[in-house]
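**Q** File follows, query_34.pdb with PDB, C-alpha atoms (C1' of nucleotides):
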ATOM      1  CA  MET A   1     -77.241  43.950  19.336
ATOM      2  CA  PHE A   2     -77.129  47.511  18.108
ATOM      3  CA  SER A   3     -75.028  49.682  15.892
ATOM      4  CA  ILE A   4     -72.468  52.287  16.839
ATOM      5  CA  GLY A   5     -74.949  55.041  16.014
ATOM      6  CA  GLU A   6     -77.504  53.529  18.344
ATOM      7  CA  LEU A   7     -74.884  53.206  21.090
ATOM      8  CA  SER A   8     -73.940  56.810  20.471
ATOM      9  CA  LYS A   9     -77.540  57.940  20.910
ATOM     10  CA  ARG A  10     -77.993  55.982  24.131
ATOM     11  CA  THR A  11     -74.778  57.111  25.774
ATOM     12  CA  LYS A  12     -74.484  60.571  24.241
ATOM     13  CA  VAL A  13     -70.935  59.770  23.222
ATOM     14  CA  LYS A  14     -70.180  60.735  19.640
ATOM     15  CA  VAL A  15     -69.520  57.997  17.099
ATOM     16  CA  PRO A  16     -65.890  58.927  16.337
ATOM     17  CA  THR A  17     -65.239  59.157  20.070
ATOM     18  CA  ILE A  18     -66.484  55.604  20.542
ATOM     19  CA  ARG A  19     -64.100  54.412  17.858
ATOM     20  CA  TYR A  20     -61.366  56.432  19.519
ATOM     21  CA  TYR A  21     -62.023  54.742  22.867
ATOM     22  CA  GLU A  22     -61.793  51.381  21.195
ATOM     23  CA  GLU A  23     -58.479  52.331  19.638
ATOM     24  CA  MET A  24     -57.208  53.494  23.025
ATOM     25  CA  GLY A  25     -58.155  50.158  24.536
ATOM     26  CA  LEU A  26     -60.873  51.489  26.837
ATOM     27  CA  LEU A  27     -63.500  49.523  24.978
ATOM     28  CA  ALA A  28     -62.947  45.944  23.887
ATOM     29  CA  GLU A  29     -62.937  45.485  20.138
ATOM     30  CA  ALA A  30     -66.547  45.235  19.106
ATOM     31  CA  GLU A  31     -68.042  42.308  17.282
ATOM     32  CA  ARG A  32     -68.599  42.931  13.596
ATOM     33  CA  THR A  33     -71.309  42.151  11.080
ATOM     34  CA  SER A  34     -70.408  40.321   7.882
ATOM     35  CA  GLY A  35     -70.155  43.789   6.379
ATOM     36  CA  ASN A  36     -67.566  44.849   8.988
ATOM     37  CA  GLN A  37     -69.806  47.147  11.005
ATOM     38  CA  ARG A  38     -69.529  47.217  14.787
ATOM     39  CA  ARG A  39     -72.274  45.678  16.887
ATOM     40  CA  TYR A  40     -72.726  46.168  20.621
ATOM     41  CA  ASP A  41     -74.633  44.510  23.429
ATOM     42  CA  LYS A  42     -75.642  45.510  26.941
ATOM     43  CA  ALA A  43     -72.133  44.958  28.287
ATOM     44  CA  GLY A  44     -70.709  47.380  25.739
ATOM     45  CA  LEU A  45     -73.339  49.917  26.656
ATOM     46  CA  GLU A  46     -72.525  49.662  30.345
ATOM     47  CA  ARG A  47     -68.838  49.913  29.760
ATOM     48  CA  LEU A  48     -69.231  53.034  27.669
ATOM     49  CA  SER A  49     -71.573  54.599  30.238
ATOM     50  CA  PHE A  50     -68.925  54.011  32.861
ATOM     51  CA  ILE A  51     -66.300  55.683  30.685
ATOM     52  CA  ARG A  52     -68.516  58.619  29.919
ATOM     53  CA  HIS A  53     -69.365  59.165  33.525
ATOM     54  CA  ALA A  54     -65.731  59.027  34.554
ATOM     55  CA  ARG A  55     -64.757  61.443  31.778
ATOM     56  CA  ASP A  56     -67.473  63.835  32.915
ATOM     57  CA  LEU A  57     -65.869  63.767  36.318
ATOM     58  CA  GLY A  58     -62.567  64.758  34.768
ATOM     59  CA  PHE A  59     -60.768  61.426  34.980
ATOM     60  CA  SER A  60     -58.102  61.045  32.318
ATOM     61  CA  ILE A  61     -58.174  58.197  29.824
ATOM     62  CA  GLU A  62     -55.219  56.750  31.683
ATOM     63  CA  ALA A  63     -56.995  56.858  35.040
ATOM     64  CA  ILE A  64     -60.026  55.226  33.498
ATOM     65  CA  SER A  65     -57.821  52.491  32.085
ATOM     66  CA  SER A  66     -56.604  51.768  35.598
ATOM     67  CA  LEU A  67     -60.143  51.704  36.935
ATOM     68  CA  ILE A  68     -61.217  49.301  34.216
ATOM     69  CA  GLU A  69     -58.287  47.063  34.964
ATOM     70  CA  LEU A  70     -59.404  47.014  38.592
ATOM     71  CA  GLN A  71     -62.899  46.048  37.540
ATOM     72  CA  GLU A  72     -61.491  43.151  35.614
ATOM     73  CA  HIS A  73     -59.515  41.867  38.582
ATOM     74  CA  PRO A  74     -62.077  41.830  41.375
ATOM     75  CA  ASP A  75     -59.646  39.904  43.565
ATOM     76  CA  ARG A  76     -57.608  43.047  44.170
ATOM     77  CA  SER A  77     -58.293  45.580  46.857
ATOM     78  CA  CYS A  78     -60.203  48.643  45.829
ATOM     79  CA  GLU A  79     -57.647  50.806  47.559
ATOM     80  CA  THR A  80     -56.285  51.850  44.199
ATOM     81  CA  ALA A  81     -59.706  52.920  42.987
ATOM     82  CA  THR A  82     -60.120  55.046  46.080
ATOM     83  CA  ASP A  83     -56.655  56.511  45.548
ATOM     84  CA  ILE A  84     -57.573  57.496  42.030
ATOM     85  CA  ALA A  85     -60.807  59.110  43.174
ATOM     86  CA  VAL A  86     -59.062  60.950  45.987
ATOM     87  CA  SER A  87     -56.293  62.281  43.774
ATOM     88  CA  GLN A  88     -58.965  63.403  41.367
ATOM     89  CA  LEU A  89     -60.692  65.199  44.236
ATOM     90  CA  VAL A  90     -57.487  66.938  45.286
ATOM     91  CA  ASP A  91     -57.080  68.054  41.711
ATOM     92  CA  VAL A  92     -60.609  69.399  41.473
ATOM     93  CA  ARG A  93     -60.241  71.352  44.715
ATOM     94  CA  GLU A  94     -57.006  72.881  43.509
ATOM     95  CA  LYS A  95     -58.691  73.922  40.278
ATOM     96  CA  ILE A  96     -61.592  75.493  42.158
ATOM     97  CA  LYS A  97     -59.189  77.459  44.321
ATOM     98  CA  ARG A  98     -57.315  78.817  41.338
ATOM     99  CA  LEU A  99     -60.465  79.662  39.437
ATOM    100  CA  LYS A 100     -61.868  81.591  42.368
ATOM    101  CA  LEU A 101     -58.781  83.781  42.428
ATOM    102  CA  LEU A 102     -59.188  84.364  38.709
ATOM    103  CA  GLU A 103     -62.840  85.172  39.150
ATOM    104  CA  LYS A 104     -61.975  87.802  41.710
ATOM    105  CA  GLU A 105     -59.431  89.459  39.494
ATOM    106  CA  LEU A 106     -61.537  89.278  36.358
ATOM    107  CA  THR A 107     -64.464  90.786  38.203
ATOM    108  CA  ARG A 108     -62.291  93.653  39.336
ATOM    109  CA  ILE A 109     -60.789  94.083  35.895
ATOM    110  CA  SER A 110     -64.024  94.110  33.971
ATOM    111  CA  LYS A 111     -65.735  96.456  36.384
ATOM    112  CA  GLY A 112     -62.946  99.003  36.182
ATOM    113  CA  CYS A 113     -63.784  99.899  32.632
ATOM    114  CA  ASP A 114     -67.054 101.431  31.557
ATOM    115  CA  GLY A 115     -66.420 100.665  27.906
ATOM    116  CA  HIS A 116     -66.299 104.284  26.869
ATOM    117  CA  GLY A 117     -62.766 105.438  27.548
ATOM    118  CA  ILE A 118     -59.990 105.093  25.071
ATOM    119  CA  SER A 119     -57.736 102.108  25.098
ATOM    120  CA  GLU A 120     -54.813 104.024  26.545
ATOM    121  CA  ASP A 121     -56.696 104.316  29.793
ATOM    122  CA  CYS A 122     -58.374 100.959  29.541
ATOM    123  CA  TYR A 123     -58.320  99.275  32.896
ATOM    124  CA  VAL A 124     -58.469  95.808  31.358
ATOM    125  CA  LEU A 125     -55.300  96.348  29.381
ATOM    126  CA  ALA A 126     -53.577  98.162  32.215
ATOM    127  CA  SER A 127     -54.377  95.375  34.629
ATOM    128  CA  LEU A 128     -53.042  92.741  32.310
ATOM    129  CA  ALA A 129     -49.906  94.705  31.626
ATOM    130  CA  ASP A 130     -49.152  95.351  35.244
ATOM    131  CA  HIS A 131     -49.346  92.449  37.608
ATOM    132  CA  LYS A 132     -48.907  94.828  40.536
ATOM    133  CA  LEU A 133     -52.491  95.969  40.027
ATOM    134  CA  CYS A 134     -53.719  92.498  40.972
ATOM    135  CA  GLY A 135     -55.200  91.596  44.295
ATOM    136  CA  ARG A 136     -51.940  89.655  44.749
ATOM    137  CA  GLU A 137     -50.760  86.119  44.025
ATOM    138  CA  HIS A 138     -51.590  83.839  41.128
TER     139      HIS A 138
ATOM    140  CA  MET K   1     -30.560  93.899  25.142
ATOM    141  CA  PHE K   2     -30.784  90.396  26.471
ATOM    142  CA  SER K   3     -31.043  86.842  25.230
ATOM    143  CA  ILE K   4     -34.059  84.588  25.069
ATOM    144  CA  GLY K   5     -32.791  82.669  28.090
ATOM    145  CA  GLU K   6     -32.559  85.861  30.100
ATOM    146  CA  LEU K   7     -36.058  86.855  29.007
ATOM    147  CA  SER K   8     -37.258  83.410  29.986
ATOM    148  CA  LYS K   9     -35.779  83.771  33.471
ATOM    149  CA  ARG K  10     -37.316  87.194  33.999
ATOM    150  CA  THR K  11     -40.792  86.297  32.814
ATOM    151  CA  LYS K  12     -40.851  82.620  33.859
ATOM    152  CA  VAL K  13     -41.982  81.719  30.361
ATOM    153  CA  LYS K  14     -40.060  78.774  28.943
ATOM    154  CA  VAL K  15     -37.743  79.369  26.009
ATOM    155  CA  PRO K  16     -39.609  77.196  23.477
ATOM    156  CA  THR K  17     -42.840  78.852  24.545
ATOM    157  CA  ILE K  18     -41.386  82.268  23.763
ATOM    158  CA  ARG K  19     -40.438  81.082  20.294
ATOM    159  CA  TYR K  20     -43.913  79.614  19.944
ATOM    160  CA  TYR K  21     -45.519  82.948  20.836
ATOM    161  CA  GLU K  22     -43.388  84.629  18.217
ATOM    162  CA  GLU K  23     -44.477  82.075  15.646
ATOM    163  CA  MET K  24     -48.121  82.651  16.602
ATOM    164  CA  GLY K  25     -47.659  86.366  16.120
ATOM    165  CA  LEU K  26     -48.170  87.356  19.756
ATOM    166  CA  LEU K  27     -44.633  88.645  19.973
ATOM    167  CA  ALA K  28     -43.081  90.723  17.222
ATOM    168  CA  GLU K  29     -40.160  89.032  15.520
ATOM    169  CA  ALA K  30     -37.172  89.698  17.701
ATOM    170  CA  GLU K  31     -34.046  91.477  16.545
ATOM    171  CA  ARG K  32     -31.164  89.120  15.861
ATOM    172  CA  THR K  33     -27.437  89.155  16.491
ATOM    173  CA  SER K  34     -25.077  88.624  13.551
ATOM    174  CA  GLY K  35     -25.123  84.983  14.622
ATOM    175  CA  ASN K  36     -28.927  84.822  14.327
ATOM    176  CA  GLN K  37     -29.750  84.733  18.004
ATOM    177  CA  ARG K  38     -32.768  86.632  19.327
ATOM    178  CA  ARG K  39     -32.231  89.769  21.374
ATOM    179  CA  TYR K  40     -34.886  91.550  23.431
ATOM    180  CA  ASP K  41     -35.323  94.922  25.067
ATOM    181  CA  LYS K  42     -37.638  96.337  27.713
ATOM    182  CA  ALA K  43     -40.565  96.517  25.301
ATOM    183  CA  GLY K  44     -40.255  92.804  24.541
ATOM    184  CA  LEU K  45     -40.139  92.048  28.230
ATOM    185  CA  GLU K  46     -43.277  94.035  28.902
ATOM    186  CA  ARG K  47     -45.141  92.468  26.045
ATOM    187  CA  LEU K  48     -44.268  88.977  27.211
ATOM    188  CA  SER K  49     -45.260  89.810  30.793
ATOM    189  CA  PHE K  50     -48.617  90.955  29.486
ATOM    190  CA  ILE K  51     -49.053  87.698  27.582
ATOM    191  CA  ARG K  52     -48.049  85.575  30.525
ATOM    192  CA  HIS K  53     -50.384  87.385  32.835
ATOM    193  CA  ALA K  54     -53.276  86.998  30.418
ATOM    194  CA  ARG K  55     -52.504  83.301  29.919
ATOM    195  CA  ASP K  56     -52.450  82.829  33.692
ATOM    196  CA  LEU K  57     -55.934  84.281  33.716
ATOM    197  CA  GLY K  58     -56.982  81.695  31.175
ATOM    198  CA  PHE K  59     -57.265  83.952  28.121
ATOM    199  CA  SER K  60     -56.741  82.042  24.893
ATOM    200  CA  ILE K  61     -53.998  82.931  22.463
ATOM    201  CA  GLU K  62     -56.697  84.261  20.171
ATOM    202  CA  ALA K  63     -58.182  86.506  22.862
ATOM    203  CA  ILE K  64     -54.736  87.803  23.690
ATOM    204  CA  SER K  65     -54.170  88.585  20.033
ATOM    205  CA  SER K  66     -57.285  90.747  20.083
ATOM    206  CA  LEU K  67     -56.169  92.514  23.229
ATOM    207  CA  ILE K  68     -52.779  93.232  21.714
ATOM    208  CA  GLU K  69     -54.388  94.609  18.601
ATOM    209  CA  LEU K  70     -56.378  96.946  20.816
ATOM    210  CA  GLN K  71     -53.244  98.088  22.543
ATOM    211  CA  GLU K  72     -51.748  98.953  19.213
ATOM    212  CA  HIS K  73     -54.723 101.087  18.225
ATOM    213  CA  PRO K  74     -55.270 103.298  21.259
ATOM    214  CA  ASP K  75     -57.747 105.357  19.286
ATOM    215  CA  ARG K  76     -60.349 102.616  19.530
ATOM    216  CA  SER K  77     -62.769 102.213  22.364
ATOM    217  CA  CYS K  78     -61.849  99.701  24.980
ATOM    218  CA  GLU K  79     -65.299  98.197  24.857
ATOM    219  CA  THR K  80     -63.911  95.149  23.092
ATOM    220  CA  ALA K  81     -61.314  94.626  25.785
ATOM    221  CA  THR K  82     -64.015  94.712  28.413
ATOM    222  CA  ASP K  83     -66.117  92.276  26.388
ATOM    223  CA  ILE K  84     -63.236  89.857  26.224
ATOM    224  CA  ALA K  85     -62.648  90.103  29.960
ATOM    225  CA  VAL K  86     -66.321  89.658  30.736
ATOM    226  CA  SER K  87     -66.689  86.618  28.508
ATOM    227  CA  GLN K  88     -63.643  85.177  30.224
ATOM    228  CA  LEU K  89     -65.326  85.823  33.543
ATOM    229  CA  VAL K  90     -68.522  84.083  32.467
ATOM    230  CA  ASP K  91     -66.419  81.136  31.393
ATOM    231  CA  VAL K  92     -64.583  80.973  34.689
ATOM    232  CA  ARG K  93     -67.814  81.096  36.676
ATOM    233  CA  GLU K  94     -69.269  78.264  34.613
ATOM    234  CA  LYS K  95     -66.180  76.165  35.258
ATOM    235  CA  ILE K  96     -66.356  76.839  38.989
ATOM    236  CA  LYS K  97     -69.978  75.756  39.057
ATOM    237  CA  ARG K  98     -69.235  72.521  37.264
ATOM    238  CA  LEU K  99     -66.218  71.756  39.384
ATOM    239  CA  LYS K 100     -68.158  72.259  42.590
ATOM    240  CA  LEU K 101     -70.680  69.641  41.485
ATOM    241  CA  LEU K 102     -67.832  67.274  40.743
ATOM    242  CA  GLU K 103     -66.242  67.978  44.079
ATOM    243  CA  LYS K 104     -69.422  67.036  45.827
ATOM    244  CA  GLU K 105     -69.739  63.793  43.970
ATOM    245  CA  LEU K 106     -66.080  62.857  44.281
ATOM    246  CA  THR K 107     -66.207  63.519  48.024
ATOM    247  CA  ARG K 108     -69.150  61.205  48.322
ATOM    248  CA  ILE K 109     -67.525  58.577  46.151
ATOM    249  CA  SER K 110     -64.199  58.519  47.912
ATOM    250  CA  LYS K 111     -65.739  58.439  51.360
ATOM    251  CA  GLY K 112     -67.908  55.442  50.521
ATOM    252  CA  CYS K 113     -64.967  53.099  50.285
ATOM    253  CA  ASP K 114     -62.637  52.285  53.166
ATOM    254  CA  GLY K 115     -60.032  50.772  50.873
ATOM    255  CA  HIS K 116     -60.305  47.314  52.348
ATOM    256  CA  GLY K 117     -63.197  45.695  50.546
ATOM    257  CA  ILE K 118     -62.835  43.814  47.328
ATOM    258  CA  SER K 119     -63.358  45.466  44.005
ATOM    259  CA  GLU K 120     -66.705  43.821  43.416
ATOM    260  CA  ASP K 121     -68.162  45.881  46.231
ATOM    261  CA  CYS K 122     -66.054  48.948  45.578
ATOM    262  CA  TYR K 123     -68.120  52.045  45.938
ATOM    263  CA  VAL K 124     -65.871  54.044  43.649
ATOM    264  CA  LEU K 125     -66.394  51.674  40.763
ATOM    265  CA  ALA K 126     -70.066  51.219  41.505
ATOM    266  CA  SER K 127     -70.606  54.960  41.565
ATOM    267  CA  LEU K 128     -68.853  55.438  38.280
ATOM    268  CA  ALA K 129     -70.762  52.596  36.684
ATOM    269  CA  ASP K 130     -74.132  53.812  37.814
ATOM    270  CA  HIS K 131     -75.006  57.397  37.257
ATOM    271  CA  LYS K 132     -78.170  56.920  39.295
ATOM    272  CA  LEU K 133     -76.058  56.892  42.434
ATOM    273  CA  CYS K 134     -75.074  60.512  41.766
ATOM    274  CA  GLY K 135     -76.545  63.488  43.468
ATOM    275  CA  ARG K 136     -78.145  64.228  40.096
ATOM    276  CA  GLU K 137     -77.246  66.215  37.040
ATOM    277  CA  HIS K 138     -73.926  66.574  35.304
TER     278      HIS K 138
ATOM    279  C1'  DT E   1      -5.972  83.570  21.023
ATOM    280  C1'  DC E   2      -7.868  79.270  21.834
ATOM    281  C1'  DT E   3     -10.916  76.180  23.969
ATOM    282  C1'  DT E   4     -14.712  74.534  26.304
ATOM    283  C1'  DG E   5     -19.339  74.232  27.608
ATOM    284  C1'  DA E   6     -23.585  76.361  27.982
ATOM    285  C1'  DA E   7     -26.951  78.537  25.432
ATOM    286  C1'  DC E   8     -28.927  79.113  21.145
ATOM    287  C1'  DC E   9     -30.759  77.902  16.342
ATOM    288  C1'  DT E  10     -34.288  75.271  13.202
ATOM    289  C1'  DC E  11     -37.002  71.486  12.295
ATOM    290  C1'  DT E  12     -39.841  67.609  13.171
ATOM    291  C1'  DA E  13     -42.752  65.048  15.962
ATOM    292  C1'  DG E  14     -45.329  64.145  20.225
ATOM    293  C1'  DT E  15     -48.861  65.337  23.901
ATOM    294  C1'  DC E  16     -54.270  64.925  25.163
ATOM    295  C1'  DA E  17     -58.803  63.934  23.925
ATOM    296  C1'  DC E  18     -60.953  64.359  20.651
ATOM    297  C1'  DT E  19     -63.064  66.408  15.835
ATOM    298  C1'  DA E  20     -63.482  66.875  10.783
ATOM    299  C1'  DG E  21     -63.312  65.358   6.237
ATOM    300  C1'  DA E  22     -62.563  62.262   2.133
ATOM    301  C1'  DG E  23     -63.836  58.470  -0.338
ATOM    302  C1'  DA E  24     -65.646  53.926  -0.242
ATOM    303  C1'  DC E  25     -68.836  50.266   1.397
ATOM    304  C1'  DA E  26     -73.210  48.470   4.145
ATOM    305  C1'  DT E  27     -77.746  48.611   5.669
ATOM    306  C1'  DT E  28     -82.532  49.805   5.681
ATOM    307  C1'  DA E  29     -86.958  51.457   4.000
ATOM    308  C1'  DC E  30     -89.796  51.842   0.378
TER     309       DC E  30
ATOM    310  C1'  DG O   1     -84.027  48.115  -7.325
ATOM    311  C1'  DT O   2     -82.959  52.378  -5.693
ATOM    312  C1'  DA O   3     -82.110  56.052  -2.657
ATOM    313  C1'  DA O   4     -80.984  57.712   1.722
ATOM    314  C1'  DT O   5     -78.685  57.123   5.604
ATOM    315  C1'  DG O   6     -75.235  54.941   8.274
ATOM    316  C1'  DT O   7     -70.764  53.065   8.688
ATOM    317  C1'  DC O   8     -65.943  51.959   7.436
ATOM    318  C1'  DT O   9     -60.771  53.377   7.424
ATOM    319  C1'  DC O  10     -57.451  56.745   7.020
ATOM    320  C1'  DT O  11     -55.356  61.154   7.417
ATOM    321  C1'  DA O  12     -54.989  65.548   9.295
ATOM    322  C1'  DG O  13     -56.298  69.320  12.421
ATOM    323  C1'  DT O  14     -57.258  71.429  17.134
ATOM    324  C1'  DG O  15     -54.756  74.354  21.297
ATOM    325  C1'  DA O  16     -50.899  75.374  23.691
ATOM    326  C1'  DC O  17     -47.329  73.849  24.226
ATOM    327  C1'  DT O  18     -43.099  70.141  25.067
ATOM    328  C1'  DA O  19     -39.212  67.130  23.656
ATOM    329  C1'  DG O  20     -35.480  65.798  20.944
ATOM    330  C1'  DA O  21     -32.009  65.759  17.120
ATOM    331  C1'  DG O  22     -28.323  67.810  15.119
ATOM    332  C1'  DG O  23     -25.952  71.823  14.285
ATOM    333  C1'  DT O  24     -24.164  76.859  15.437
ATOM    334  C1'  DT O  25     -22.912  80.820  18.475
ATOM    335  C1'  DC O  26     -21.557  83.033  22.496
ATOM    336  C1'  DA O  27     -18.997  84.205  26.771
ATOM    337  C1'  DA O  28     -15.613  83.134  30.115
ATOM    338  C1'  DG O  29     -11.372  81.344  31.560
ATOM    339  C1'  DA O  30      -6.415  79.641  30.475
TER     340       DA O  30
END
For the file at hand, write its structure as structure tokens.
**A**
Amino acid sequence: MFSIGELSKRTKVKVPTIRYYEEMGLLAEAERTSGNQRRYDKAGLERLSFIRHARDLGFSIEAISSLIELQEHPDRSCETATDIAVSQLVDVREKIKRLKLLEKELTRISKGCDGHGISEDCYVLASLADHKLCGREH
Amino acid sequence: MFSIGELSKRTKVKVPTIRYYEEMGLLAEAERTSGNQRRYDKAGLERLSFIRHARDLGFSIEAISSLIELQEHPDRSCETATDIAVSQLVDVREKIKRLKLLEKELTRISKGCDGHGISEDCYVLASLADHKLCGREH
DNA sequence: TCTTGAACCTCTAGTCACTAGAGACATTAC
DNA sequence: GTAATGTCTCTAGTGACTAGAGGTTCAAGA
């Protein structure tokens, strides 16, 4: 059994975040000492590692809730889990696409200006003011 | 002179968002009719287009504030504007890098499961539970 | 001119996923 | 026993909006 601080160190999840996850129902309510402090065991550690990993991958708290529910009902098909992962993947790909467009435009914008002109001629400001200067669509 | 709704239509920025930008000081306080309704002119339209464009590119409200301040002092060098754009670019590139790692892992995860097994053997859940199954680092 | 209905006003509160701080109590090491 | 560190709950703040209540104003048609 270890304290919340210890759990925090092992999982690299901050202490208030652990309490927050408990409040949100992602973590079961921890056992307490006589002095009301939380104590965790291996199961708690594993559960929190799972949550952290899923968060790192960009899953929302809600999605993680669903995944945990699936874990707790092993009789159900894992189709739902796959669905969640796939929709997450679609999301990530969409984000990458958008960011690449932004990268292109920002590269163009920040190259256009040598940092010595006056603001009136600043390419950064001009580009932002006038969408027509873009390499199209976003 | 046109109303906030008209401005919203032309810029595709939602009405409450326009009011929010005004509150945040990105937009000057609009002129009002005798009945206290906001009225905008071409300058307001251009300013809001600038803001929207910058937001689309992921600039924070704070960064946009700085850019606007620069616009209003055309005597200053545009070095700062370039700095802001470049730091935005660095940010975007970092995000792309991270997202590509996630994409890789999510692809692997969602392919591992055919959606017919039971949850106990579900590759999605197993992958999330065990970071060791990852292609390393994140 | 009157009426109707859409658009507008302000204000408060909610979203997401935390983070920060206050003030009090518990645990641990010496 | 004492001091330092850790933990507790609670409230409020973050960023960039979004939603809703309850009231007012505007513009168009009869």
**Q** State, in Å with one decimal place, the distance from CA of Phe2 (chain K) to CA of Leu26 (chain K).
**A** 18.9 Å
**Q** Applied to this file, what does the PyMOL selection byres ((chain K) within 9 of (chain O)) return in terms of residues, put as a list of chain:residue names?
**A**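 For this structure, the PyMOL selection byres ((chain K) within 9 of (chain O)) captures K:Pro16, K:Thr17, K:Tyr20, K:Gly35, K:Asn36, K:Gln37, K:Ser60, K:Ile61.
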**Q** Assuming the chain letters and numbering stay as they are in my file, what does the PyMOL selection byres ((chain K) within 12 of (chain E)) actually select? List them as a compact mmCIF listing (two decimals) with C-alpha atoms, in the frame of the given file.
**A**
# COMPACT_ATOMS: atom_id res chain seq x y z
CA SER K 3 -31.04 86.84 25.23
CA ILE K 4 -34.06 84.59 25.07
CA GLY K 5 -32.79 82.67 28.09
CA GLU K 6 -32.56 85.86 30.10
CA VAL K 15 -37.74 79.37 26.01
CA PRO K 16 -39.61 77.20 23.48
CA ARG K 19 -40.44 81.08 20.29
CA ARG K 32 -31.16 89.12 15.86
CA THR K 33 -27.44 89.16 16.49
CA GLY K 35 -25.12 84.98 14.62
CA ASN K 36 -28.93 84.82 14.33
CA GLN K 37 -29.75 84.73 18.00
CA ARG K 38 -32.77 86.63 19.33
CA ARG K 39 -32.23 89.77 21.37
**Q** Can you give me, as a ChimeraX atom specification, the residues this file yields under the PyMOL selection byres ((chain A and resi 27) around 9)?
**A** /A:18-19,21-26,28-30,44,47-48,51
**Q** So, counting all atoms listed in the file, which residue among K:Glu105, K:Glu62, K:Glu79, K:Glu46 is closest to chain A?
**A**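 Looking at the shortest contact to chain A, the residue is K:Glu79.
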**Q** How many Å lie between CA of Glu69 (chain K) and CA of Ala43 (chain K), rounded to one decimal?
**A**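 Going from CA of Glu69 (chain K) over to CA of Ala43 (chain K), I get 15.5 Å.
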